[in-house]
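File shown: coords-v9.pdb (PDB, C-alpha atoms, pLDDT in the B column).
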MODEL        1
ATOM      1  CA  ALA Y   9     -10.516  32.571  37.346  1.00 46.00           C
ATOM      2  CA  ALA Y  10      -7.317  30.913  36.202  1.00 53.00           C
ATOM      3  CA  PRO Y  11      -4.059  32.883  36.193  1.00 55.00           C
ATOM      4  CA  ALA Y  12      -2.474  33.905  32.915  1.00 64.00           C
ATOM      5  CA  ALA Y  13      -0.627  31.149  31.119  1.00 70.00           C
ATOM      6  CA  ASP Y  14       3.105  30.905  31.769  1.00 80.00           C
ATOM      7  CA  PRO Y  15       4.634  32.229  28.524  1.00 88.00           C
ATOM      8  CA  ALA Y  16       7.790  30.131  28.906  1.00 91.00           C
ATOM      9  CA  GLY Y  17       5.880  26.860  28.502  1.00 92.00           C
ATOM     10  CA  GLU Y  18       6.838  23.508  29.967  1.00 92.00           C
ATOM     11  CA  SER Y  19       9.690  21.054  29.484  1.00 94.00           C
ATOM     12  CA  THR Y  20       8.830  17.459  30.423  1.00 93.00           C
ATOM     13  CA  THR Y  21      10.606  14.143  30.923  1.00 91.00           C
ATOM     14  CA  PRO Y  22       9.866  10.772  29.248  1.00 90.00           C
ATOM     15  CA  ALA Y  23       7.781   9.810  32.306  1.00 89.00           C
ATOM     16  CA  VAL Y  24       5.227  12.512  31.453  1.00 88.00           C
ATOM     17  CA  LEU Y  25       4.691  11.160  27.933  1.00 86.00           C
ATOM     18  CA  ASN Y  26       4.410   7.609  29.265  1.00 87.00           C
ATOM     19  CA  HIS Y  27       1.886   8.662  31.936  1.00 87.00           C
ATOM     20  CA  THR Y  28      -0.186  10.657  29.452  1.00 85.00           C
ATOM     21  CA  VAL Y  29      -0.483   7.643  27.149  1.00 86.00           C
ATOM     22  CA  THR Y  30      -0.726   4.724  29.585  1.00 87.00           C
ATOM     23  CA  ALA Y  31      -2.540   6.228  32.581  1.00 84.00           C
ATOM     24  CA  ILE Y  32      -4.662   8.978  31.014  1.00 83.00           C
ATOM     25  CA  GLY Y  33      -5.304   7.219  27.724  1.00 83.00           C
ATOM     26  CA  LEU Y  34      -4.429   9.882  25.153  1.00 85.00           C
ATOM     27  CA  HIS Y  35      -2.972   8.604  21.895  1.00 85.00           C
ATOM     28  CA  GLY Y  36       0.483   9.695  20.841  1.00 83.00           C
ATOM     29  CA  SER Y  37      -0.982  11.136  17.650  1.00 86.00           C
ATOM     30  CA  ASP Y  38      -3.370  13.299  19.721  1.00 86.00           C
ATOM     31  CA  ILE Y  39      -0.484  14.584  21.839  1.00 89.00           C
ATOM     32  CA  HIS Y  40       1.451  15.727  18.794  1.00 89.00           C
ATOM     33  CA  LEU Y  41      -1.562  17.005  16.845  1.00 89.00           C
ATOM     34  CA  HIS Y  42      -3.098  19.063  19.650  1.00 89.00           C
ATOM     35  CA  GLY Y  43      -0.095  19.714  21.913  1.00 90.00           C
ATOM     36  CA  ARG Y  44       2.338  20.582  19.106  1.00 92.00           C
ATOM     37  CA  PRO Y  45       5.411  19.780  21.223  1.00 94.00           C
ATOM     38  CA  VAL Y  46       9.041  19.570  20.221  1.00 94.00           C
ATOM     39  CA  TRP Y  47      11.300  16.769  21.384  1.00 93.00           C
ATOM     40  CA  THR Y  48      13.964  17.194  24.060  1.00 94.00           C
ATOM     41  CA  LEU Y  49      16.718  14.816  25.176  1.00 93.00           C
ATOM     42  CA  GLY Y  50      17.452  16.310  28.588  1.00 92.00           C
ATOM     43  CA  PHE Y  51      19.175  19.331  30.090  1.00 92.00           C
ATOM     44  CA  LYS Y  52      22.306  21.299  29.445  1.00 93.00           C
ATOM     45  CA  CYS Y  53      23.294  22.467  32.910  1.00 90.00           C
ATOM     46  CA  LEU Y  54      25.405  25.598  33.236  1.00 92.00           C
ATOM     47  CA  TRP Y  55      25.845  24.587  36.813  1.00 83.00           C
ATOM     48  CA  GLY Y  56      28.506  23.907  39.395  1.00 75.00           C
ATOM     49  CA  ALA Y  57      32.251  24.380  39.641  1.00 74.00           C
ATOM     50  CA  ARG Y  58      33.000  22.821  36.241  1.00 73.00           C
ATOM     51  CA  GLY Y  59      30.716  25.210  34.426  1.00 82.00           C
ATOM     52  CA  THR Y  60      28.643  22.850  32.294  1.00 85.00           C
ATOM     53  CA  PHE Y  61      27.437  19.260  31.935  1.00 83.00           C
ATOM     54  CA  TYR Y  62      24.671  17.340  30.158  1.00 85.00           C
ATOM     55  CA  ARG Y  63      21.915  15.594  32.075  1.00 84.00           C
ATOM     56  CA  ALA Y  64      20.333  13.147  29.628  1.00 85.00           C
ATOM     57  CA  PHE Y  65      17.178  11.118  30.184  1.00 87.00           C
ATOM     58  CA  ASP Y  66      18.752   7.790  29.203  1.00 79.00           C
ATOM     59  CA  ALA Y  67      20.635   5.422  31.498  1.00 67.00           C
ATOM     60  CA  PRO Y  68      22.887   5.848  33.376  1.00 65.00           C
ATOM     61  CA  TYR Y  69      21.906   9.521  33.776  1.00 65.00           C
ATOM     62  CA  GLY Y  70      18.157   8.952  34.118  1.00 62.00           C
ATOM     63  CA  THR Y  71      18.381   8.155  37.847  1.00 66.00           C
ATOM     64  CA  ARG Y  72      20.631   9.343  40.643  1.00 67.00           C
ATOM     65  CA  LEU Y  73      23.206   6.825  41.811  1.00 69.00           C
ATOM     66  CA  GLN Y  74      22.322   5.128  45.090  1.00 75.00           C
ATOM     67  CA  GLY Y  75      23.979   6.859  48.020  1.00 79.00           C
ATOM     68  CA  MET Y  76      25.148   9.805  45.900  1.00 76.00           C
ATOM     69  CA  ARG Y  77      23.831  13.383  46.169  1.00 78.00           C
ATOM     70  CA  THR Y  78      25.500  14.530  42.961  1.00 76.00           C
ATOM     71  CA  GLU Y  79      23.897  14.234  39.510  1.00 72.00           C
ATOM     72  CA  PRO Y  80      25.601  11.523  37.389  1.00 72.00           C
ATOM     73  CA  GLY Y  81      25.962  14.006  34.514  1.00 68.00           C
ATOM     74  CA  PHE Y  82      28.111  16.249  36.704  1.00 71.00           C
ATOM     75  CA  LEU Y  83      30.349  13.308  37.604  1.00 72.00           C
ATOM     76  CA  ALA Y  84      30.574  12.256  33.964  1.00 69.00           C
ATOM     77  CA  SER Y  85      31.826  15.667  32.881  1.00 65.00           C
ATOM     78  CA  ALA Y  86      34.764  15.287  35.259  1.00 61.00           C
ATOM     79  CA  GLY Y  87      35.958  12.161  33.478  1.00 61.00           C
ATOM     80  CA  ASN Y  88      35.223  13.345  29.933  1.00 62.00           C
ATOM     81  CA  LEU Y  89      32.267  10.965  29.710  1.00 65.00           C
ATOM     82  CA  ASP Y  90      29.790  13.485  28.315  1.00 69.00           C
ATOM     83  CA  LEU Y  91      29.753  11.450  25.085  1.00 73.00           C
ATOM     84  CA  ALA Y  92      29.283   8.086  26.807  1.00 72.00           C
ATOM     85  CA  THR Y  93      25.593   7.698  25.913  1.00 79.00           C
ATOM     86  CA  MET Y  94      23.621   8.310  22.734  1.00 84.00           C
ATOM     87  CA  SER Y  95      21.509  11.134  24.164  1.00 87.00           C
ATOM     88  CA  SER Y  96      24.383  13.087  25.689  1.00 85.00           C
ATOM     89  CA  SER Y  97      26.364  12.690  22.462  1.00 86.00           C
ATOM     90  CA  LEU Y  98      23.447  13.985  20.408  1.00 90.00           C
ATOM     91  CA  MET Y  99      22.953  16.966  22.738  1.00 91.00           C
ATOM     92  CA  ALA Y 100      26.637  17.843  22.568  1.00 88.00           C
ATOM     93  CA  ALA Y 101      26.409  17.783  18.763  1.00 90.00           C
ATOM     94  CA  GLY Y 102      23.209  19.846  18.689  1.00 91.00           C
ATOM     95  CA  LYS Y 103      21.272  16.918  17.178  1.00 91.00           C
ATOM     96  CA  LEU Y 104      18.026  15.250  18.228  1.00 90.00           C
ATOM     97  CA  PHE Y 105      17.765  11.776  16.636  1.00 88.00           C
ATOM     98  CA  PRO Y 106      20.378   9.453  15.107  1.00 85.00           C
ATOM     99  CA  LYS Y 107      20.316   9.001  11.345  1.00 82.00           C
ATOM    100  CA  ASP Y 108      18.654   5.880   9.924  1.00 81.00           C
ATOM    101  CA  GLY Y 109      20.002   5.690   6.411  1.00 78.00           C
ATOM    102  CA  ASN Y 110      20.871   8.626   4.207  1.00 76.00           C
ATOM    103  CA  ASN Y 111      17.569  10.509   4.289  1.00 74.00           C
ATOM    104  CA  SER Y 112      15.752   9.461   7.455  1.00 81.00           C
ATOM    105  CA  PHE Y 113      16.111   9.425  11.231  1.00 80.00           C
ATOM    106  CA  LYS Y 114      15.298   7.007  14.024  1.00 79.00           C
ATOM    107  CA  PRO Y 115      13.054   8.373  16.818  1.00 78.00           C
ATOM    108  CA  THR Y 116      13.998   7.331  20.350  1.00 78.00           C
ATOM    109  CA  GLU Y 117      10.772   7.910  22.266  1.00 72.00           C
ATOM    110  CA  ASN Y 118      11.808   6.044  25.410  1.00 80.00           C
ATOM    111  CA  VAL Y 119      14.543   8.574  26.239  1.00 86.00           C
ATOM    112  CA  THR Y 120      12.939  11.814  25.048  1.00 91.00           C
ATOM    113  CA  GLY Y 121      10.737  14.354  26.734  1.00 93.00           C
ATOM    114  CA  LEU Y 122       8.469  16.982  25.172  1.00 94.00           C
ATOM    115  CA  ASN Y 123       8.448  20.784  25.310  1.00 96.00           C
ATOM    116  CA  PHE Y 124       4.988  22.384  25.202  1.00 95.00           C
ATOM    117  CA  ARG Y 125       3.945  25.961  24.558  1.00 93.00           C
ATOM    118  CA  PRO Y 126       1.261  27.080  27.074  1.00 89.00           C
ATOM    119  CA  GLU Y 127      -1.839  27.329  24.875  1.00 90.00           C
ATOM    120  CA  PRO Y 128      -1.492  23.924  23.151  1.00 91.00           C
ATOM    121  CA  LEU Y 129      -0.615  22.327  26.491  1.00 89.00           C
ATOM    122  CA  HIS Y 130      -3.750  23.704  28.133  1.00 88.00           C
ATOM    123  CA  GLY Y 131      -5.834  22.369  25.259  1.00 88.00           C
ATOM    124  CA  LEU Y 132      -4.194  18.965  25.580  1.00 88.00           C
ATOM    125  CA  LEU Y 133      -4.819  18.840  29.336  1.00 86.00           C
ATOM    126  CA  LEU Y 134      -8.475  19.704  28.783  1.00 87.00           C
ATOM    127  CA  ARG Y 135      -8.720  16.772  26.355  1.00 84.00           C
ATOM    128  CA  ALA Y 136      -7.116  14.566  29.012  1.00 85.00           C
ATOM    129  CA  CYS Y 137      -9.655  15.743  31.616  1.00 86.00           C
ATOM    130  CA  SER Y 138     -12.473  15.027  29.177  1.00 84.00           C
ATOM    131  CA  ALA Y 139     -11.107  11.531  28.512  1.00 82.00           C
ATOM    132  CA  LEU Y 140     -11.045  10.829  32.263  1.00 85.00           C
ATOM    133  CA  GLY Y 141     -14.544  12.190  32.848  1.00 88.00           C
ATOM    134  CA  VAL Y 142     -13.399  15.124  34.988  1.00 88.00           C
ATOM    135  CA  ASN Y 143     -16.153  17.660  35.680  1.00 86.00           C
ATOM    136  CA  ILE Y 144     -14.880  21.195  34.993  1.00 85.00           C
ATOM    137  CA  ARG Y 145     -16.647  24.249  36.400  1.00 83.00           C
ATOM    138  CA  ASN Y 146     -15.598  27.762  35.440  1.00 84.00           C
ATOM    139  CA  GLY Y 147     -16.085  30.632  37.863  1.00 86.00           C
ATOM    140  CA  LYS Y 148     -14.362  33.290  39.928  1.00 87.00           C
ATOM    141  CA  ALA Y 149     -13.807  32.423  43.581  1.00 86.00           C
ATOM    142  CA  THR Y 150     -14.877  35.217  45.927  1.00 88.00           C
ATOM    143  CA  GLY Y 151     -15.074  33.643  49.385  1.00 88.00           C
ATOM    144  CA  PHE Y 152     -14.584  30.625  51.600  1.00 87.00           C
ATOM    145  CA  ASN Y 153     -16.875  29.235  54.291  1.00 87.00           C
ATOM    146  CA  ARG Y 154     -15.858  26.881  57.103  1.00 83.00           C
ATOM    147  CA  ASN Y 155     -17.723  23.894  58.579  1.00 82.00           C
ATOM    148  CA  PRO Y 156     -18.011  22.490  56.010  1.00 85.00           C
ATOM    149  CA  ASP Y 157     -15.184  23.894  53.896  1.00 86.00           C
ATOM    150  CA  THR Y 158     -16.950  25.435  50.923  1.00 89.00           C
ATOM    151  CA  LEU Y 159     -15.690  27.614  48.090  1.00 89.00           C
ATOM    152  CA  VAL Y 160     -18.041  30.464  47.144  1.00 89.00           C
ATOM    153  CA  LEU Y 161     -18.134  31.615  43.513  1.00 90.00           C
ATOM    154  CA  GLU Y 162     -19.016  35.038  42.124  1.00 90.00           C
ATOM    155  CA  ASP Y 163     -22.425  33.904  40.896  1.00 91.00           C
ATOM    156  CA  GLY Y 164     -23.394  32.739  44.394  1.00 90.00           C
ATOM    157  CA  SER Y 165     -22.918  29.021  43.734  1.00 91.00           C
ATOM    158  CA  THR Y 166     -20.633  26.927  45.929  1.00 91.00           C
ATOM    159  CA  LEU Y 167     -18.176  24.062  45.646  1.00 89.00           C
ATOM    160  CA  ALA Y 168     -17.478  21.607  48.456  1.00 90.00           C
ATOM    161  CA  ALA Y 169     -14.445  19.296  48.449  1.00 88.00           C
ATOM    162  CA  ASP Y 170     -12.173  17.321  50.749  1.00 88.00           C
ATOM    163  CA  LEU Y 171      -9.023  18.950  49.335  1.00 87.00           C
ATOM    164  CA  TYR Y 172      -8.376  22.315  47.671  1.00 85.00           C
ATOM    165  CA  VAL Y 173      -5.159  22.972  45.753  1.00 84.00           C
ATOM    166  CA  ASP Y 174      -4.278  26.572  44.931  1.00 83.00           C
ATOM    167  CA  ALA Y 175      -2.543  26.463  41.545  1.00 80.00           C
ATOM    168  CA  THR Y 176      -2.653  30.212  40.933  1.00 78.00           C
ATOM    169  CA  GLY Y 177       1.013  30.766  41.737  1.00 71.00           C
ATOM    170  CA  SER Y 178       2.021  34.083  43.248  1.00 69.00           C
ATOM    171  CA  ASP Y 179      -1.556  35.365  42.872  1.00 75.00           C
ATOM    172  CA  ALA Y 180      -2.547  33.010  45.741  1.00 78.00           C
ATOM    173  CA  VAL Y 181      -6.214  33.454  44.816  1.00 82.00           C
ATOM    174  CA  LEU Y 182      -7.600  30.627  46.951  1.00 81.00           C
ATOM    175  CA  SER Y 183      -5.083  30.884  49.771  1.00 80.00           C
ATOM    176  CA  THR Y 184      -5.923  34.511  50.510  1.00 81.00           C
ATOM    177  CA  LEU Y 185      -9.713  34.310  50.257  1.00 84.00           C
ATOM    178  CA  ALA Y 186     -11.692  35.840  53.100  1.00 77.00           C
ATOM    179  CA  GLY Y 187     -12.664  33.086  55.514  1.00 79.00           C
ATOM    180  CA  ASN Y 188      -9.917  30.678  54.483  1.00 79.00           C
ATOM    181  CA  THR Y 189      -7.929  30.212  57.694  1.00 76.00           C
ATOM    182  CA  ASP Y 190      -6.783  26.615  57.355  1.00 74.00           C
ATOM    183  CA  TRP Y 191      -4.602  26.547  54.251  1.00 76.00           C
ATOM    184  CA  ILE Y 192      -1.058  25.148  54.398  1.00 78.00           C
ATOM    185  CA  SER Y 193       1.765  27.026  52.680  1.00 77.00           C
ATOM    186  CA  TYR Y 194       4.943  25.319  51.510  1.00 77.00           C
ATOM    187  CA  GLU Y 195       6.791  28.597  50.994  1.00 76.00           C
ATOM    188  CA  ASP Y 196       9.265  27.854  53.791  1.00 80.00           C
ATOM    189  CA  ALA Y 197      10.367  24.731  51.898  1.00 82.00           C
ATOM    190  CA  CYS Y 198      11.029  26.567  48.616  1.00 81.00           C
ATOM    191  CA  LEU Y 199      14.548  27.610  47.684  1.00 87.00           C
ATOM    192  CA  CYS Y 200      13.003  30.084  45.216  1.00 90.00           C
ATOM    193  CA  THR Y 201       9.631  31.709  45.822  1.00 86.00           C
ATOM    194  CA  ARG Y 202       9.542  34.254  42.970  1.00 88.00           C
ATOM    195  CA  ALA Y 203       9.795  33.785  39.219  1.00 90.00           C
ATOM    196  CA  ALA Y 204       9.450  35.792  36.032  1.00 91.00           C
ATOM    197  CA  THR Y 205       8.956  34.255  32.585  1.00 93.00           C
ATOM    198  CA  ILE Y 206       8.822  35.647  29.066  1.00 94.00           C
ATOM    199  CA  SER Y 207       8.590  34.321  25.519  1.00 94.00           C
ATOM    200  CA  ARG Y 208      10.362  35.651  22.450  1.00 94.00           C
ATOM    201  CA  ARG Y 209       9.933  34.877  18.774  1.00 94.00           C
ATOM    202  CA  ARG Y 210      12.330  32.337  17.314  1.00 90.00           C
ATOM    203  CA  GLY Y 211      14.550  33.664  14.549  1.00 88.00           C
ATOM    204  CA  SER Y 212      16.607  31.556  12.191  1.00 90.00           C
ATOM    205  CA  GLU Y 213      18.462  29.794  15.015  1.00 90.00           C
ATOM    206  CA  PRO Y 214      18.031  26.003  15.257  1.00 92.00           C
ATOM    207  CA  ILE Y 215      15.872  24.401  17.932  1.00 94.00           C
ATOM    208  CA  ARG Y 216      18.083  23.124  20.724  1.00 95.00           C
ATOM    209  CA  PRO Y 217      17.587  19.424  21.617  1.00 95.00           C
ATOM    210  CA  TYR Y 218      17.716  20.223  25.337  1.00 96.00           C
ATOM    211  CA  THR Y 219      16.464  22.642  27.982  1.00 96.00           C
ATOM    212  CA  THR Y 220      19.143  24.944  29.361  1.00 96.00           C
ATOM    213  CA  LEU Y 221      19.424  25.386  33.142  1.00 96.00           C
ATOM    214  CA  GLU Y 222      21.779  28.012  34.543  1.00 96.00           C
ATOM    215  CA  THR Y 223      22.688  28.704  38.148  1.00 93.00           C
ATOM    216  CA  LEU Y 224      23.098  32.331  39.221  1.00 93.00           C
ATOM    217  CA  GLY Y 225      24.535  34.099  42.231  1.00 90.00           C
ATOM    218  CA  ALA Y 226      20.984  34.266  43.604  1.00 90.00           C
ATOM    219  CA  GLY Y 227      18.518  31.848  42.018  1.00 93.00           C
ATOM    220  CA  TRP Y 228      18.611  30.259  38.584  1.00 95.00           C
ATOM    221  CA  ARG Y 229      17.239  30.676  35.064  1.00 96.00           C
ATOM    222  CA  TRP Y 230      16.195  28.456  32.197  1.00 96.00           C
ATOM    223  CA  ARG Y 231      15.518  28.360  28.463  1.00 97.00           C
ATOM    224  CA  THR Y 232      12.869  26.122  26.880  1.00 96.00           C
ATOM    225  CA  ASP Y 233      12.845  25.757  23.078  1.00 96.00           C
ATOM    226  CA  HIS Y 234       9.595  25.562  21.104  1.00 95.00           C
ATOM    227  CA  ASP Y 235       8.782  25.420  17.414  1.00 91.00           C
ATOM    228  CA  GLU Y 236       7.882  29.097  16.969  1.00 91.00           C
ATOM    229  CA  SER Y 237       9.228  30.679  20.155  1.00 94.00           C
ATOM    230  CA  ILE Y 238      11.755  30.444  22.976  1.00 96.00           C
ATOM    231  CA  GLY Y 239      10.655  30.504  26.614  1.00 96.00           C
ATOM    232  CA  LEU Y 240      12.902  32.157  29.199  1.00 96.00           C
ATOM    233  CA  GLY Y 241      12.550  32.149  32.984  1.00 95.00           C
ATOM    234  CA  HIS Y 242      14.292  33.375  36.116  1.00 95.00           C
ATOM    235  CA  ALA Y 243      13.579  32.140  39.671  1.00 94.00           C
ATOM    236  CA  TRP Y 244      14.854  33.706  42.887  1.00 95.00           C
ATOM    237  CA  HIS Y 245      14.202  34.251  46.596  1.00 92.00           C
ATOM    238  CA  PRO Y 246      13.597  37.824  47.830  1.00 91.00           C
ATOM    239  CA  ASP Y 247      15.807  37.243  50.883  1.00 92.00           C
ATOM    240  CA  PHE Y 248      18.838  37.200  48.574  1.00 94.00           C
ATOM    241  CA  ILE Y 249      17.983  39.479  45.661  1.00 93.00           C
ATOM    242  CA  SER Y 250      15.368  42.188  45.181  1.00 92.00           C
ATOM    243  CA  GLU Y 251      12.673  42.000  42.533  1.00 89.00           C
ATOM    244  CA  ASP Y 252      14.190  45.024  40.767  1.00 92.00           C
ATOM    245  CA  GLN Y 253      17.601  43.361  40.672  1.00 92.00           C
ATOM    246  CA  ALA Y 254      16.092  40.104  39.442  1.00 91.00           C
TER     247      ALA Y 254
ENDMDL
END

Could you render the structure from this file as structure tokens?
Amino acid sequence: AAPAADPAGESTTPAVLNHTVTAIGLHGSDIHLHGRPVWTLGFKCLWGARGTFYRAFDAPYGTRLQGMRTEPGFLASAGNLDLATMSSSLMAAGKLFPKDGNNSFKPTENVTGLNFRPEPLHGLLLRACSALGVNIRNGKATGFNRNPDTLVLEDGSTLAADLYVDATGSDAVLSTLAGNTDWISYEDACLCTRAATISRRRGSEPIRPYTTLETLGAGWRWRTDHDESIGLGHAWHPDFISEDQA
């Protein structure tokens, strides 16, 4: 069984939209009709010694400078260059697209990402799987046999594969199955291993054209804007802050 949907939703980059259209084959109209996303131009980072900077998706902020470990947006804020590109200027002004005449706007799809609420995103991904001919089987995993590696479902049926990926988050449903002794955890490589997310109803406030990322004394948190709601999340590591404190 799949874990509960993350209420905060997902914020994506322009590469995700490009991959969904060119590699998977979904039409842009399908993405907007079934996924119901809102556009985003990048990130507002409440991060680092200077307090805040914009990290836009357009050049020169779209890629890290060769040989540099610091985000270009952070460097730009030091020299008052936050308004140097169209996207960062729009984010700073709380706008999404430039005007195109008196009563219209000009979309800039090549430098925009999309924010998805969980339910529409899941529906969109199922359409993508269908378009690619992916075989989907629903069932609750109850055990794991070795030699060969086989997943046992609640109804007694089995699934055999060369690779199993546990995408159940902190539930670790597959990783902790009886008989599964050969799984590989990447927990020791994670700066944050715990997270909590919620969603609240949007009031009369405008939709922000960016996702907000904020560093904390232990961990970090984020805000993702959607059409009818606002997703909020907090990530941390239990070695530095307790779950109750978080």

If the PyMOL selection byres ((chain Y and resi 128-144) around 10) is run on the structure shown, which residues does it catch, given as a PyMOL selection string?
chain Y and resi 13+17-18+28-29+31-34+38-45+123-127+145-147

List the spatial neighbours of Ala254 of chain Y as number ranges by chain - criterion: any atom at most 8 Å away, only C-alpha atoms, same-chain residues fewer than 5 positions off excluded.
Y: 242, 244, 249

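The two atoms in question, atom CA of Thr184 of chain Y and atom CA of Ala243 of chain Y, are spaced 22.4 Å apart.
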
Could you give me, as a ChimeraX atom specification, the residues that sit within 8 Å of (16.2, 22.9, 26.2) in the file's coordinates, counting only C-alpha atoms?
/Y:19,48,50-52,216-220,231-233

Can you write just those residues out, C-alpha atoms, as a PDB file, in the frame of the given file?
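The new file again02.pdb reads:
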ATOM      1  CA  SER Y  19       9.690  21.054  29.484  1.00 94.00           C
ATOM      2  CA  THR Y  48      13.964  17.194  24.060  1.00 94.00           C
ATOM      3  CA  GLY Y  50      17.452  16.310  28.588  1.00 92.00           C
ATOM      4  CA  PHE Y  51      19.175  19.331  30.090  1.00 92.00           C
ATOM      5  CA  LYS Y  52      22.306  21.299  29.445  1.00 93.00           C
ATOM      6  CA  ARG Y 216      18.083  23.124  20.724  1.00 95.00           C
ATOM      7  CA  PRO Y 217      17.587  19.424  21.617  1.00 95.00           C
ATOM      8  CA  TYR Y 218      17.716  20.223  25.337  1.00 96.00           C
ATOM      9  CA  THR Y 219      16.464  22.642  27.982  1.00 96.00           C
ATOM     10  CA  THR Y 220      19.143  24.944  29.361  1.00 96.00           C
ATOM     11  CA  ARG Y 231      15.518  28.360  28.463  1.00 97.00           C
ATOM     12  CA  THR Y 232      12.869  26.122  26.880  1.00 96.00           C
ATOM     13  CA  ASP Y 233      12.845  25.757  23.078  1.00 96.00           C
TER      14      ASP Y 233
END

Tell me, in Å to one decimal, how far atom CA of Lys107 of chain Y is from atom CA of Phe82 of chain Y.
27.5 Å

Length of the atom CA of Ala101 of chain Y to atom CA of Arg63 of chain Y vector [Å]
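Atom-to-atom, atom CA of Ala101 of chain Y and atom CA of Arg63 of chain Y are spaced 14.2 Å apart.
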
Shortest interatomic distance to Ala204 of chain Y - which of Y:Ala180, Y:Leu224, Y:Trp230, Y:Arg154, counting all atoms listed in the file
Y:Trp230

Pick from Y:His27, Y:Lys148, Y:Arg210, Y:Lys114: nearest to Asp163 of chain Y, with all atoms listed in the file counted?
Y:Lys148

Find the residues around Gly121 of chain Y up to 6 Å (all atoms listed in the file counted), leave out those fewer than 3 positions away in its own chain, and share them as a count of residues only.
5
